[in-house]
Every structure is written in structure tokens, then in C-alpha cells.
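As stored in protein.tsv (TSV, C-alpha atoms and all ligand atoms):
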chain	number	residue	atom	x	y	z
R	1	MET	CA	111.50	25.38	85.64
R	2	ALA	CA	109.96	28.62	84.50
R	3	LEU	CA	107.14	28.35	82.03
R	4	ARG	CA	108.67	28.81	78.60
R	5	CYS	CA	107.04	29.03	75.24
R	6	PHE	CA	108.37	26.99	72.33
R	7	PRO	CA	107.56	27.30	68.65
R	8	ILE	CA	106.87	23.90	67.05
R	9	TRP	CA	107.04	23.08	63.37
R	10	VAL	CA	104.00	21.03	62.43
R	11	CYS	CA	104.61	17.82	60.44
R	12	PRO	CA	102.02	15.30	59.26
R	13	GLN	CA	101.67	12.10	61.24
R	14	THR	CA	102.38	8.96	59.25
R	15	THR	CA	99.31	7.03	60.32
R	16	LEU	CA	95.81	8.47	60.46
R	17	PRO	CA	93.04	7.68	62.90
R	18	SER	CA	90.31	5.86	61.04
R	19	PRO	CA	87.69	6.74	60.14
R	20	LEU	CA	88.83	10.28	59.62
R	21	VAL	CA	86.09	12.60	60.84
R	22	GLY	CA	85.69	16.29	60.07
R	23	GLN	CA	87.08	17.47	63.36
R	24	ASP	CA	90.11	15.18	63.23
R	25	ALA	CA	90.88	16.39	59.75
R	26	LYS	CA	91.31	19.92	61.17
R	27	ARG	CA	92.84	18.87	64.48
R	28	ARG	CA	96.26	17.60	63.54
R	29	ARG	CA	98.57	15.47	65.61
R	30	PHE	CA	102.22	16.02	65.09
R	31	PHE	CA	105.52	14.94	66.48
R	32	VAL	CA	108.28	16.95	67.95
R	33	THR	CA	111.68	15.65	68.94
R	34	TRP	CA	113.56	17.34	71.73
R	35	GLU	CA	116.83	16.93	73.55
R	36	CYS	CA	117.53	17.84	77.11
R	37	SER	CA	121.03	18.14	78.43
R	38	SER	CA	120.70	17.45	82.18
R	39	SER	CA	122.85	14.69	83.74
R	40	ALA	CA	122.87	12.72	80.50
R	41	SER	CA	121.86	13.86	77.07
R	42	VAL	CA	118.44	12.38	76.33
R	43	ARG	CA	116.53	12.46	73.10
R	44	ALA	CA	112.80	12.01	73.23
R	45	VAL	CA	109.88	12.12	70.86
R	46	THR	CA	106.69	13.72	71.99
R	47	ALA	CA	103.35	13.55	70.20
R	48	ILE	CA	101.27	16.63	70.79
R	49	GLU	CA	97.90	17.64	69.43
R	50	GLY	CA	97.31	21.10	68.11
R	51	GLU	CA	95.56	23.13	65.49
R	52	ALA	CA	97.91	24.69	63.01
R	53	PRO	CA	98.24	24.04	59.30
R	54	TYR	CA	101.21	21.99	58.21
R	55	GLY	CA	104.30	23.99	57.61
R	56	ARG	CA	103.28	26.64	60.14
R	57	GLU	CA	104.49	27.25	63.64
R	58	LEU	CA	102.45	26.55	66.72
R	59	LYS	CA	103.38	27.74	70.22
R	60	LYS	CA	103.48	25.22	73.07
R	61	THR	CA	104.53	25.79	76.65
R	62	SER	CA	107.07	23.67	78.51
R	63	ASP	CA	104.25	22.34	80.70
R	64	GLU	CA	102.20	21.28	77.72
R	65	MET	CA	105.25	19.44	76.41
R	66	GLY	CA	105.76	17.59	79.67
R	67	LEU	CA	109.28	18.94	80.22
R	68	THR	CA	110.71	18.37	83.69
R	69	GLN	CA	112.63	20.49	86.22
R	70	GLU	CA	115.90	18.84	85.16
R	71	THR	CA	115.54	19.88	81.54
R	72	LYS	CA	118.31	22.37	80.85
R	73	SER	CA	117.91	22.96	77.17
R	74	VAL	CA	115.58	21.85	74.48
R	75	THR	CA	116.35	21.54	70.81
R	76	PHE	CA	113.57	21.02	68.34
R	77	HIS	CA	114.11	18.91	65.29
R	78	ARG	CA	111.91	18.69	62.36
R	79	ASP	CA	111.31	14.96	61.98
R	80	LEU	CA	113.42	14.41	58.90
R	81	SER	CA	112.07	10.91	58.32
R	82	MET	CA	108.81	12.55	57.31
R	83	LEU	CA	110.34	14.66	54.57
R	84	PRO	CA	110.28	13.35	51.02
R	85	LYS	CA	113.50	11.59	50.03
R	86	PRO	CA	115.33	12.71	46.87
R	87	LEU	CA	114.58	10.41	43.94
R	88	THR	CA	117.42	8.19	42.79
R	89	ALA	CA	117.89	7.03	39.19
R	90	ASN	CA	116.69	3.55	40.31
R	91	SER	CA	113.60	4.77	42.10
R	92	LEU	CA	112.56	6.62	38.95
R	93	TYR	CA	112.02	3.27	37.25
R	94	SER	CA	110.91	1.15	40.19
R	95	SER	CA	108.28	3.66	41.38
R	96	ALA	CA	106.69	4.24	37.98
R	97	GLY	CA	103.24	2.65	38.22
R	98	ASP	CA	103.83	1.76	41.89
R	99	ASP	CA	100.70	2.82	43.73
R	100	SER	CA	101.60	1.21	47.08
R	101	LYS	CA	102.36	4.64	48.56
R	102	MET	CA	99.12	6.14	47.25
R	103	ARG	CA	96.54	7.05	49.91
R	104	ILE	CA	92.94	7.45	48.75
R	105	SER	CA	90.11	8.79	50.92
R	106	PHE	CA	86.54	7.56	50.49
R	107	GLN	CA	83.22	8.05	52.25
R	108	GLY	CA	82.23	5.01	54.25
R	109	ILE	CA	83.97	2.20	56.07
R	110	PRO	CA	86.00	-0.72	54.68
R	111	GLY	CA	83.90	-2.84	52.33
R	112	ALA	CA	81.99	0.11	50.79
R	113	TYR	CA	81.77	0.18	46.99
R	114	SER	CA	83.69	3.47	46.97
R	115	GLU	CA	86.64	1.61	48.52
R	116	THR	CA	86.35	-1.11	45.86
R	117	ALA	CA	86.42	1.61	43.17
R	118	ALA	CA	89.62	3.08	44.67
R	119	LEU	CA	91.19	-0.40	44.68
R	120	LYS	CA	90.11	-0.97	41.07
R	121	ALA	CA	91.96	2.20	40.04
R	122	TYR	CA	95.01	1.64	42.29
R	123	PRO	CA	95.13	-2.03	43.41
R	124	ASN	CA	97.93	-1.48	45.96
R	125	CYS	CA	96.79	1.84	47.40
R	126	GLU	CA	96.03	2.50	51.05
R	127	THR	CA	92.35	3.41	51.43
R	128	VAL	CA	91.38	5.96	54.09
R	129	PRO	CA	87.76	5.78	55.32
R	130	CYS	CA	85.98	9.09	56.02
R	131	GLU	CA	82.65	9.79	57.69
R	132	GLN	CA	81.49	12.34	55.12
R	133	PHE	CA	82.23	13.11	51.46
R	134	GLU	CA	83.23	16.59	52.58
R	135	THR	CA	85.92	15.06	54.82
R	136	ALA	CA	87.23	12.92	51.95
R	137	PHE	CA	87.71	16.13	49.94
R	138	GLN	CA	89.30	17.98	52.87
R	139	ALA	CA	91.73	15.10	53.43
R	140	VAL	CA	93.12	15.73	49.91
R	141	GLU	CA	93.18	19.49	50.38
R	142	LEU	CA	95.08	19.16	53.66
R	143	TRP	CA	97.61	16.77	52.07
R	144	LEU	CA	96.57	13.95	54.43
R	145	VAL	CA	95.92	11.76	51.38
R	146	ASP	CA	96.81	11.88	47.69
R	147	LYS	CA	93.39	11.42	46.13
R	148	ALA	CA	89.70	11.01	46.91
R	149	VAL	CA	87.11	8.77	45.27
R	150	LEU	CA	83.55	9.95	44.76
R	151	PRO	CA	80.47	8.12	43.35
R	152	ILE	CA	78.84	10.45	40.81
R	153	GLU	CA	76.16	8.46	38.98
R	154	ASN	CA	74.60	5.04	38.73
R	155	SER	CA	73.15	3.41	35.62
R	156	VAL	CA	69.89	2.67	37.47
R	157	GLY	CA	69.56	5.38	40.13
R	158	GLY	CA	70.99	8.27	38.08
R	159	SER	CA	73.08	11.18	39.37
R	160	ILE	CA	74.24	11.64	42.93
R	161	HIS	CA	73.35	15.32	43.02
R	162	ARG	CA	75.06	16.32	46.25
R	163	ASN	CA	78.37	15.17	44.84
R	164	TYR	CA	78.02	17.49	41.84
R	165	ASP	CA	77.71	20.38	44.30
R	166	LEU	CA	80.87	19.20	46.09
R	167	LEU	CA	82.84	19.24	42.83
R	168	LEU	CA	82.11	22.93	42.50
R	169	ARG	CA	82.57	23.84	46.16
R	170	HIS	CA	86.07	22.35	46.25
R	171	ARG	CA	89.03	23.08	44.00
R	172	LEU	CA	90.07	19.50	43.24
R	173	HIS	CA	90.55	18.13	39.72
R	174	ILE	CA	89.00	15.00	38.24
R	175	VAL	CA	91.97	12.87	37.18
R	176	GLN	CA	90.28	9.55	36.44
R	177	GLU	CA	86.90	7.85	36.18
R	178	VAL	CA	86.15	4.32	37.36
R	179	GLN	CA	83.10	2.39	36.21
R	180	LEU	CA	82.33	-0.33	38.70
R	181	PRO	CA	79.77	-3.08	38.08
R	182	VAL	CA	77.78	-3.21	41.33
R	183	ASN	CA	76.41	-6.61	42.28
R	184	HIS	CA	74.36	-6.23	45.43
R	185	CYS	CA	73.95	-9.14	47.86
R	186	LEU	CA	71.43	-9.71	50.63
R	187	LEU	CA	73.46	-10.42	53.76
R	188	GLY	CA	72.42	-11.81	57.14
R	189	VAL	CA	74.02	-13.10	60.34
R	190	PRO	CA	75.39	-16.66	59.99
R	191	GLY	CA	72.71	-19.35	59.80
R	192	VAL	CA	69.67	-17.23	58.86
R	193	ARG	CA	67.53	-17.89	55.79
R	194	LYS	CA	66.35	-15.32	53.26
R	195	GLU	CA	62.76	-15.79	54.51
R	196	ASP	CA	63.78	-14.76	58.06
R	197	ILE	CA	64.72	-11.23	56.95
R	198	LYS	CA	61.98	-8.67	57.69
R	199	CYS	CA	63.98	-5.45	57.49
R	200	VAL	CA	66.98	-4.50	55.40
R	201	LEU	CA	69.59	-1.78	55.90
R	202	SER	CA	71.61	-0.12	53.15
R	203	HIS	CA	72.68	3.06	51.42
R	204	PRO	CA	69.61	4.78	49.86
R	205	GLN	CA	71.09	4.37	46.34
R	206	ALA	CA	71.57	0.63	46.92
R	207	LEU	CA	67.99	0.31	48.26
R	208	ASP	CA	66.72	2.09	45.12
R	209	GLN	CA	68.75	-0.18	42.86
R	210	CYS	CA	67.09	-3.24	44.45
R	211	MET	CA	63.54	-1.82	44.73
R	212	ASN	CA	61.71	-4.55	42.77
R	213	SER	CA	63.51	-7.43	44.50
R	214	LEU	CA	62.77	-5.93	47.93
R	215	ASN	CA	59.11	-5.33	47.01
R	216	ASP	CA	58.83	-8.99	45.94
R	217	LEU	CA	60.32	-10.14	49.24
R	218	GLY	CA	58.10	-7.67	51.19
R	219	ILE	CA	61.06	-6.41	53.18
R	220	HIS	CA	61.02	-3.10	55.09
R	221	ARG	CA	63.91	-0.72	54.18
R	222	VAL	CA	66.08	1.44	56.43
R	223	SER	CA	68.77	3.87	55.23
R	224	ALA	CA	72.39	3.55	56.29
R	225	LYS	CA	75.38	5.83	55.64
R	226	ASP	CA	76.90	3.34	53.21
R	227	THR	CA	76.49	-0.33	52.34
R	228	ALA	CA	79.42	-1.47	54.49
R	229	THR	CA	78.10	0.37	57.57
R	230	ALA	CA	74.80	-1.48	56.98
R	231	ALA	CA	76.69	-4.81	56.97
R	232	GLN	CA	78.64	-3.86	60.10
R	233	THR	CA	75.43	-2.83	61.92
R	234	VAL	CA	73.72	-6.13	61.08
R	235	SER	CA	76.79	-8.08	62.15
R	236	SER	CA	77.13	-6.32	65.50
R	237	SER	CA	73.36	-6.47	66.20
R	238	GLY	CA	73.38	-10.26	65.84
R	239	LYS	CA	69.67	-10.00	64.94
R	240	ARG	CA	68.27	-12.74	62.71
R	241	ASP	CA	65.48	-10.71	61.13
R	242	ILE	CA	67.66	-7.81	59.91
R	243	GLY	CA	69.65	-8.00	56.70
R	244	ALA	CA	71.98	-5.69	54.78
R	245	ILE	CA	72.40	-4.99	51.08
R	246	ALA	CA	76.11	-4.81	50.42
R	247	SER	CA	78.98	-6.41	48.55
R	248	VAL	CA	80.57	-9.86	48.80
R	249	ARG	CA	83.63	-8.06	50.18
R	250	ALA	CA	81.53	-6.50	52.98
R	251	ALA	CA	80.10	-9.97	53.79
R	252	ASN	CA	83.65	-11.31	54.19
R	253	ILE	CA	84.88	-8.38	56.26
R	254	TYR	CA	81.92	-8.39	58.70
R	255	GLY	CA	81.41	-12.18	58.85
R	256	LEU	CA	77.93	-12.28	57.30
R	257	ASP	CA	76.30	-14.98	55.18
R	258	ILE	CA	75.36	-14.21	51.56
R	259	LEU	CA	71.63	-15.04	51.35
R	260	ALA	CA	71.18	-13.88	47.73
R	261	GLU	CA	73.50	-12.47	45.08
R	262	ASN	CA	72.86	-9.98	42.25
R	263	ILE	CA	69.59	-8.75	43.71
R	264	GLN	CA	69.73	-5.40	41.85
R	265	ASP	CA	66.79	-4.80	39.49
R	266	ASP	CA	69.05	-4.33	36.49
R	267	ALA	CA	71.72	-6.98	35.88
R	268	ASN	CA	73.94	-4.29	34.34
R	269	ASN	CA	74.15	-2.06	37.38
R	270	VAL	CA	77.21	0.17	37.05
R	271	THR	CA	78.28	3.07	39.28
R	272	ARG	CA	80.65	5.68	37.89
R	273	PHE	CA	83.18	7.04	40.38
R	274	LEU	CA	85.53	10.00	39.98
R	275	ILE	CA	89.06	10.15	41.34
R	276	LEU	CA	90.02	13.63	42.48
R	277	ALA	CA	93.44	15.12	43.08
R	278	ARG	CA	95.07	18.46	43.89
R	279	GLU	CA	96.74	18.65	40.46
R	280	PRO	CA	95.10	18.05	37.07
R	281	VAL	CA	96.42	15.47	34.58
R	282	ILE	CA	98.00	16.82	31.41
R	283	PRO	CA	95.51	16.09	28.61
R	284	ARG	CA	96.74	13.84	25.80
R	285	THR	CA	95.34	12.37	22.62
R	286	ASP	CA	96.90	8.89	22.64
R	287	ARG	CA	93.70	7.31	24.02
R	288	PRO	CA	90.04	8.36	24.47
R	289	TYR	CA	89.67	11.22	26.94
R	290	LYS	CA	86.66	12.79	28.57
R	291	THR	CA	86.37	16.39	29.78
R	292	SER	CA	84.00	17.52	32.54
R	293	ILE	CA	82.95	21.16	32.75
R	294	VAL	CA	80.46	23.26	34.69
R	295	PHE	CA	79.02	26.52	33.39
R	296	SER	CA	76.20	29.00	33.77
R	297	LEU	CA	74.48	30.83	30.93
R	298	GLU	CA	73.56	34.43	30.23
R	299	GLU	CA	69.83	35.20	30.17
R	300	GLY	CA	68.06	34.85	26.83
R	301	PRO	CA	65.96	32.57	24.64
R	302	GLY	CA	67.64	29.47	23.29
R	303	VAL	CA	70.94	29.89	25.17
R	304	LEU	CA	71.02	26.27	26.31
R	305	PHE	CA	70.37	25.20	22.71
R	306	LYS	CA	73.31	27.39	21.59
R	307	ALA	CA	75.52	26.03	24.38
R	308	LEU	CA	74.90	22.44	23.33
R	309	ALA	CA	75.36	23.33	19.65
R	310	VAL	CA	79.03	24.28	20.23
R	311	PHE	CA	79.72	20.58	20.73
R	312	ALA	CA	77.34	19.28	18.03
R	313	LEU	CA	78.91	21.63	15.45
R	314	ARG	CA	82.28	19.98	16.07
R	315	SER	CA	80.92	16.41	16.25
R	316	ILE	CA	81.88	16.15	19.92
R	317	ASN	CA	79.77	13.58	21.74
R	318	LEU	CA	78.19	14.59	25.07
R	319	SER	CA	78.05	11.68	27.51
R	320	LYS	CA	76.32	13.46	30.39
R	321	ILE	CA	74.39	16.63	31.16
R	322	GLU	CA	73.17	17.58	34.60
R	323	SER	CA	71.72	20.82	35.96
R	324	ARG	CA	71.88	22.05	39.55
R	325	PRO	CA	70.41	25.19	41.11
R	326	GLN	CA	72.87	27.98	41.90
R	327	ARG	CA	72.10	28.10	45.56
R	328	ARG	CA	74.15	31.12	46.47
R	329	ARG	CA	72.77	33.31	43.71
R	330	PRO	CA	69.04	33.87	43.50
R	331	LEU	CA	69.18	36.49	40.76
R	332	ARG	CA	67.15	39.72	40.74
R	333	VAL	CA	66.07	40.47	37.20
R	334	VAL	CA	65.22	44.18	36.75
R	335	ASP	CA	64.17	46.35	33.87
R	336	GLY	CA	65.32	49.93	33.09
R	337	SER	CA	63.16	51.43	35.87
R	338	ASN	CA	64.44	48.95	38.45
R	339	ASN	CA	61.22	46.90	38.48
R	340	GLY	CA	61.62	43.20	38.69
R	341	SER	CA	61.55	40.14	40.87
R	342	ALA	CA	63.97	37.64	42.35
R	343	LYS	CA	64.75	34.71	40.07
R	344	TYR	CA	65.25	31.61	42.16
R	345	PHE	CA	65.74	29.13	39.37
R	346	ASP	CA	69.14	30.00	38.04
R	347	TYR	CA	71.00	26.87	37.02
R	348	LEU	CA	74.51	25.53	36.65
R	349	PHE	CA	75.06	22.97	33.91
R	350	TYR	CA	77.50	20.10	34.26
R	351	ILE	CA	78.57	18.49	31.00
R	352	ASP	CA	80.88	15.57	30.21
R	353	PHE	CA	82.09	15.51	26.61
R	354	GLU	CA	84.15	12.87	24.85
R	355	ALA	CA	87.24	14.80	23.77
R	356	SER	CA	90.57	15.81	25.23
R	357	MET	CA	91.46	19.43	25.95
R	358	ALA	CA	94.59	18.69	23.88
R	359	GLU	CA	92.34	18.58	20.78
R	360	THR	CA	91.73	21.85	18.96
R	361	SER	CA	88.04	21.01	18.43
R	362	ALA	CA	87.54	20.87	22.23
R	363	GLN	CA	89.44	24.14	22.71
R	364	HIS	CA	87.35	25.87	20.03
R	365	ALA	CA	84.12	24.49	21.50
R	366	LEU	CA	84.94	25.99	24.90
R	367	GLY	CA	86.00	29.27	23.32
R	368	HIS	CA	82.63	29.36	21.54
R	369	LEU	CA	80.75	28.46	24.74
R	370	GLN	CA	82.36	31.42	26.50
R	371	GLU	CA	80.47	33.77	24.18
R	372	PHE	CA	77.18	33.14	25.97
R	373	SER	CA	78.16	31.76	29.36
R	374	SER	CA	78.72	33.86	32.44
R	375	PHE	CA	81.00	31.28	34.09
R	376	ILE	CA	82.91	28.17	32.95
R	377	ARG	CA	85.16	25.87	34.95
R	378	ILE	CA	86.96	22.77	33.67
R	379	LEU	CA	86.54	20.14	36.39
R	380	GLY	CA	88.97	17.74	34.73
R	381	CYS	CA	90.17	16.10	31.54
R	382	TYR	CA	90.89	12.43	32.10
R	383	PRO	CA	91.17	9.06	30.33
R	384	MET	CA	87.80	7.37	29.73
R	385	ASP	CA	87.10	4.12	31.56
R	386	LEU	CA	85.59	1.60	29.19
R	387	VAL	CA	84.00	-0.96	31.59
R	388	ARG	CA	85.80	-4.28	31.54
H	401	LIG	O1	77.50	2.67	50.12
H	401	LIG	C1	78.48	2.40	49.41
H	401	LIG	O2	79.06	1.33	49.49
H	401	LIG	C2	78.96	3.40	48.46
H	401	LIG	O3	80.08	3.35	48.03
H	401	LIG	C3	77.99	4.45	47.99
H	401	LIG	C4	77.21	4.07	46.75
H	401	LIG	C5	76.52	5.35	46.17
H	401	LIG	O4	76.61	6.42	46.73
H	401	LIG	O5	75.86	5.22	45.14
H	401	LIG	C6	78.10	3.58	45.71
H	401	LIG	C7	77.76	2.60	44.86
H	401	LIG	C8	76.45	1.95	44.87
H	401	LIG	O6	75.74	2.52	43.77
H	401	LIG	C9	75.70	2.23	46.12
H	401	LIG	C10	76.13	3.13	47.01
Write the structure described by the file as C-alpha cells, please.
Amino acid sequence: MALRCFPIWVCPQTTLPSPLVGQDAKRRRFFVTWECSSSASVRAVTAIEGEAPYGRELKKTSDEMGLTQETKSVTFHRDLSMLPKPLTANSLYSSAGDDSKMRISFQGIPGAYSETAALKAYPNCETVPCEQFETAFQAVELWLVDKAVLPIENSVGGSIHRNYDLLLRHRLHIVQEVQLPVNHCLLGVPGVRKEDIKCVLSHPQALDQCMNSLNDLGIHRVSAKDTATAAQTVSSSGKRDIGAIASVRAANIYGLDILAENIQDDANNVTRFLILAREPVIPRTDRPYKTSIVFSLEEGPGVLFKALAVFALRSINLSKIESRPQRRRPLRVVDGSNNGSAKYFDYLFYIDFEASMAETSAQHALGHLQEFSSFIRILGCYPMDLVR
């Protein structure tokens, strides 16, 4: 058979490889159904890998598709089972609040706190592990998942700065916050005692949150990508002198013994996670809402004071302020005769305030802030999570 070129319509695969790594997120697998009318009419499904965004065409040759000499004609079908079904009157009611079809990406492997946060928000969701935070964001952008979960700050360790930068780099919206009490455990392979542990693996934030306990035990610390990966590493090493700091859930998943519970320095150790989606939620006023914004300020004395005053003047409570350098914009400040120097410390300010964008006071505050800011973006307006 002569080499022929076929256009293929790219559809998402129903199951994802896990964990989803950066390259896999770009390299999509898709299905194509074809019929050949030789002696008998045969219908086959072929899975082919390629790199083309969903909804676009990708060219494949007959060889690449594994078509044989006998193949007389080929008909491509879009796999209709993958298209969304029209809603029925019944499904409108039965699917309200049903999160079993929800797919949420998180950084880490099963048993990480980020996964627990996703399950707290959507108990029946399918969690999709990702190697990097960046991949968790891309998975939402590429429609591979519905939402992503991201740790943003901890009551002991403070802000997770890199994740603030990601919020700005990507165009996702914060649709929910989840406050998760984090009770760290010291885990070891079955049968070991706490005294046997000489070295402990965990996420750097988790190690920080347990600093005093680890100092008391005189244990050496080693960083891991996330707490669950630390547990998995200890489990597969089988070593009796290495422990992990992770959750009870991670202990169960990776078959480790819990040698000590609640070893964090502060009994009230809470991590705040954000849930991100492609579409924002419509702000309401029927319950307490929080709004997250990022902005930069014009040059001048007292501008930060003025920026904060727009909220104070309207009795709007600020729950968080964070500043991050504007990496892409070292500013050159010049006078009338073009003399000046580069200004490397130009900052972006991230603020969370306790009001909904549906309230006029919040709208006026942002209108006022615009008067002296060079850039403002609303990252999301979402219901507040009051820790239970
Ligand atoms: O390693 C994990 O399990 C995570 O989900 C990450 C993470 C973090 O980045 O802060 C989340 C919660 C805990 O504070 C410790 C670690």
C-alpha cells in the first residue's frame, strides 16, 4: 500500500499516566478509530502518541498507524464516547454536589498533604499526582484535569514563595481555600524503634515545622520532594536507621510504622492550600468571602501606606500581605538628563482581604488602589475556609 497521510483529530485519553510529568503533559496520547473494508469490514481502535493540542489535527502516515496491505479504505471517527453527554433533567439534580468526576492535580505522590487537602475539598474526587507544581498547573490549562491544589502558606513555616510566583505566571483563578491541620508523624520500616532512627527524610517545610523535635532527637535531616515521597523512599530502602516525616495516610499507603505522632513544634500547625481552576467563581455575599490580588505600585514616598489605607478606610480586614521581587523587570530610574541607575528591588505585593468582590466597599477599594498602582490582577474571590 502506498504511503498515505491521514489527518487525525486529537481527543484526550480517559486515563492518565501517573505521576504526570512535564513532558507527558505536552506529549498527548490519543485514540483513533478506523475501519478497513478488505475481505470483511473490520473496526479497530489504535492508540497513537503525538504532539498536537486537543481539538487540532495531526498528520500520521499509514505506516505509523500500522495499516496493512489489505486495507482498502480508512474512515476516521472521533471517539464519541469521549465527548460530553447532554445534561438530562435528572442529571441536573443528581450531579449537583457530585464531585466523583472531578480530577484534581497536586504536586507529589499519593499520601502527600496536598492530596489530603484536595480530598478535604472534594471527598470523592480523583487525585492526579504530578512531579512539579508547574505540571499541576499545566494539567489544568491543558484540560487534563479540572482543578489543581497548591500549598501557599503554613502557620509555622510561613509563605511558600515559589507558589506565589506561579500564581502570577499562570492564568488560573483561585476558587477555594482549604486550611488543613498538619499532624506530622515520624515513620520507620516495620519493627524499628524511635531510637534507631539516625536520619530523617521529608519535605523541607515539614522538616522546618519539626525543627525542635528533631534537634531534641539529634536526627540528621535530608530533603525530599514531598512527605509521601520521603515515606516511599524509606519503605523501599528497607533501612532501619532512616525515617520519614509524613502523614498517617502515607504510613498506611507505604506500609510504615508510626514511631511518633504530632511531632511538629506547634500543636496548631495548619497549612493553607488554594484550589485553582480555569474559570473564576462568581462572587457572592451569602457567606464570608476572601479576595486575593497582586499589584505593583508607582514610585513615590508612602505609596505602600496609601495602598493599604484603601482597605483600612473601608474597614476591610487584610488577612495576608506578601511581597515578591519583579524578576522580569529590573527598572531603570532616570532623571530629565537621562542619568540614573538600574533599580533591582521592584516589588509585587500580594494581598488577601476579607471581602467579596460583590460588595461595593471591595469594588471601591480596588478602584482607589488603581490610582497609585501600575498593575493590579485579581487572583480570585472565593469562600473563606474557617478551620474545622
Ligand atoms: O510534602 C507534602 O506532603 C506537601 O503536600 C507539601 C507541603 C508544603 O509544601 O508545605 C504541604 C504541607 C505541609 O506543610 C508540608 C509540606
9 Å shell around ligand LIG 401 (chain H) using only C-alpha atoms and all ligand atoms, listed as a PyMOL selection string: chain R and resi 106-117+150-157+159-160+180-184+202-207+209+224-230+246-247+250+269-273
Length of the CA of Arg324 (chain R) to CA of Phe349 (chain R) vector [Å]: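 These atoms are spaced 6.5 Å apart.
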Selection: 12 Å around Arg240 (chain R), all atoms listed in the file, excl. self and same-chain fewer than 2 positions, as a PDB file with C-alpha atoms, in the frame of the given file:
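The result, written out as out06.pdb:
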ATOM      1  CA  LEU R 187      73.460 -10.420  53.760  1.00  0.00           C
ATOM      2  CA  GLY R 188      72.420 -11.810  57.140  1.00  0.00           C
ATOM      3  CA  VAL R 189      74.020 -13.100  60.340  1.00  0.00           C
ATOM      4  CA  PRO R 190      75.390 -16.660  59.990  1.00  0.00           C
ATOM      5  CA  GLY R 191      72.710 -19.350  59.800  1.00  0.00           C
ATOM      6  CA  VAL R 192      69.670 -17.230  58.860  1.00  0.00           C
ATOM      7  CA  ARG R 193      67.530 -17.890  55.790  1.00  0.00           C
ATOM      8  CA  LYS R 194      66.350 -15.320  53.260  1.00  0.00           C
ATOM      9  CA  GLU R 195      62.760 -15.790  54.510  1.00  0.00           C
ATOM     10  CA  ASP R 196      63.780 -14.760  58.060  1.00  0.00           C
ATOM     11  CA  ILE R 197      64.720 -11.230  56.950  1.00  0.00           C
ATOM     12  CA  LYS R 198      61.980  -8.670  57.690  1.00  0.00           C
ATOM     13  CA  CYS R 199      63.980  -5.450  57.490  1.00  0.00           C
ATOM     14  CA  VAL R 200      66.980  -4.500  55.400  1.00  0.00           C
ATOM     15  CA  VAL R 234      73.720  -6.130  61.080  1.00  0.00           C
ATOM     16  CA  SER R 235      76.790  -8.080  62.150  1.00  0.00           C
ATOM     17  CA  SER R 236      77.130  -6.320  65.500  1.00  0.00           C
ATOM     18  CA  SER R 237      73.360  -6.470  66.200  1.00  0.00           C
ATOM     19  CA  GLY R 238      73.380 -10.260  65.840  1.00  0.00           C
ATOM     20  CA  ILE R 242      67.660  -7.810  59.910  1.00  0.00           C
ATOM     21  CA  GLY R 243      69.650  -8.000  56.700  1.00  0.00           C
ATOM     22  CA  ALA R 244      71.980  -5.690  54.780  1.00  0.00           C
ATOM     23  CA  LEU R 256      77.930 -12.280  57.300  1.00  0.00           C
ATOM     24  CA  ASP R 257      76.300 -14.980  55.180  1.00  0.00           C
TER      25      ASP R 257
END
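Interatomic distance, CA of Ile282 (chain R) to CA of Tyr122 (chain R): 18.9 Å.
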Quick one: residues within 12 Å of Pro283 (chain R), all atoms listed in the file counted, chain neighbours fewer than 4 positions away excluded, as a PDB file with C-alpha atoms, keeping the file's coordinate frame?
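Saved result, selection.pdb, follows:
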ATOM      1  CA  ILE R 174      89.000  15.000  38.240  1.00  0.00           C
ATOM      2  CA  VAL R 175      91.970  12.870  37.180  1.00  0.00           C
ATOM      3  CA  GLN R 176      90.280   9.550  36.440  1.00  0.00           C
ATOM      4  CA  ARG R 287      93.700   7.310  24.020  1.00  0.00           C
ATOM      5  CA  PRO R 288      90.040   8.360  24.470  1.00  0.00           C
ATOM      6  CA  TYR R 289      89.670  11.220  26.940  1.00  0.00           C
ATOM      7  CA  LYS R 290      86.660  12.790  28.570  1.00  0.00           C
ATOM      8  CA  THR R 291      86.370  16.390  29.780  1.00  0.00           C
ATOM      9  CA  ALA R 355      87.240  14.800  23.770  1.00  0.00           C
ATOM     10  CA  SER R 356      90.570  15.810  25.230  1.00  0.00           C
ATOM     11  CA  MET R 357      91.460  19.430  25.950  1.00  0.00           C
ATOM     12  CA  ALA R 358      94.590  18.690  23.880  1.00  0.00           C
ATOM     13  CA  GLU R 359      92.340  18.580  20.780  1.00  0.00           C
ATOM     14  CA  THR R 360      91.730  21.850  18.960  1.00  0.00           C
ATOM     15  CA  ALA R 362      87.540  20.870  22.230  1.00  0.00           C
ATOM     16  CA  GLN R 363      89.440  24.140  22.710  1.00  0.00           C
ATOM     17  CA  ILE R 378      86.960  22.770  33.670  1.00  0.00           C
ATOM     18  CA  GLY R 380      88.970  17.740  34.730  1.00  0.00           C
ATOM     19  CA  CYS R 381      90.170  16.100  31.540  1.00  0.00           C
ATOM     20  CA  TYR R 382      90.890  12.430  32.100  1.00  0.00           C
ATOM     21  CA  PRO R 383      91.170   9.060  30.330  1.00  0.00           C
ATOM     22  CA  MET R 384      87.800   7.370  29.730  1.00  0.00           C
TER      23      MET R 384
END
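When CA of Cys210 (chain R) is paired with CA of Cys185 (chain R), their separation reads 9.7 Å.
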Selected residue of minimal separation from Pro280 (chain R) among R:Glu134, R:Gln179, R:Leu379, R:Ala365, counting only C-alpha atoms: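 Closest candidate: R:Leu379.
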Please report, as lines of an AutoDock Vina configuration file, the centre and edge lengths in Å to one decimal of an axis-aligned box covering all listed atoms of region 267-286 of chain R with 5 Å per side.
center_x = 84.9
center_y = 5.8
center_z = 33.3
size_x = 36.3
size_y = 35.6
size_z = 31.3
Who sits within 10 Å of region 168-171 of chain R, all atoms listed in the file, same chain under 2 positions skipped, as a list in words: Glu134, Phe137, Gln138, Glu141, Asn163, Tyr164, Asp165, Leu166, His173, Ile174, Leu276, Ala277, Arg278, Glu279, Ile293, Val294, Leu348, Tyr350, Arg377 and Leu379 of chain R
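Distances to Lys120 (chain R) were evaluated for R:Leu142, R:Ala231, R:Ile219, R:Leu274 using only C-alpha atoms, and the minimum falls at R:Leu274.
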Could you check the closest approach to Leu308 (chain R) for each of R:Asn215, R:Ser223, R:Gln264, R:Ser373 and tell me which residue wins, using all atoms listed in the file?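 Ranked by minimum distance to Leu308 (chain R), first place goes to R:Ser373.
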Pick the closest to Asp265 (chain R) from R:Val248, R:Ser296, R:Met211, R:Leu318: which is it, counting only C-alpha atoms?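 Smallest separation from Asp265 (chain R) among the options: R:Met211.
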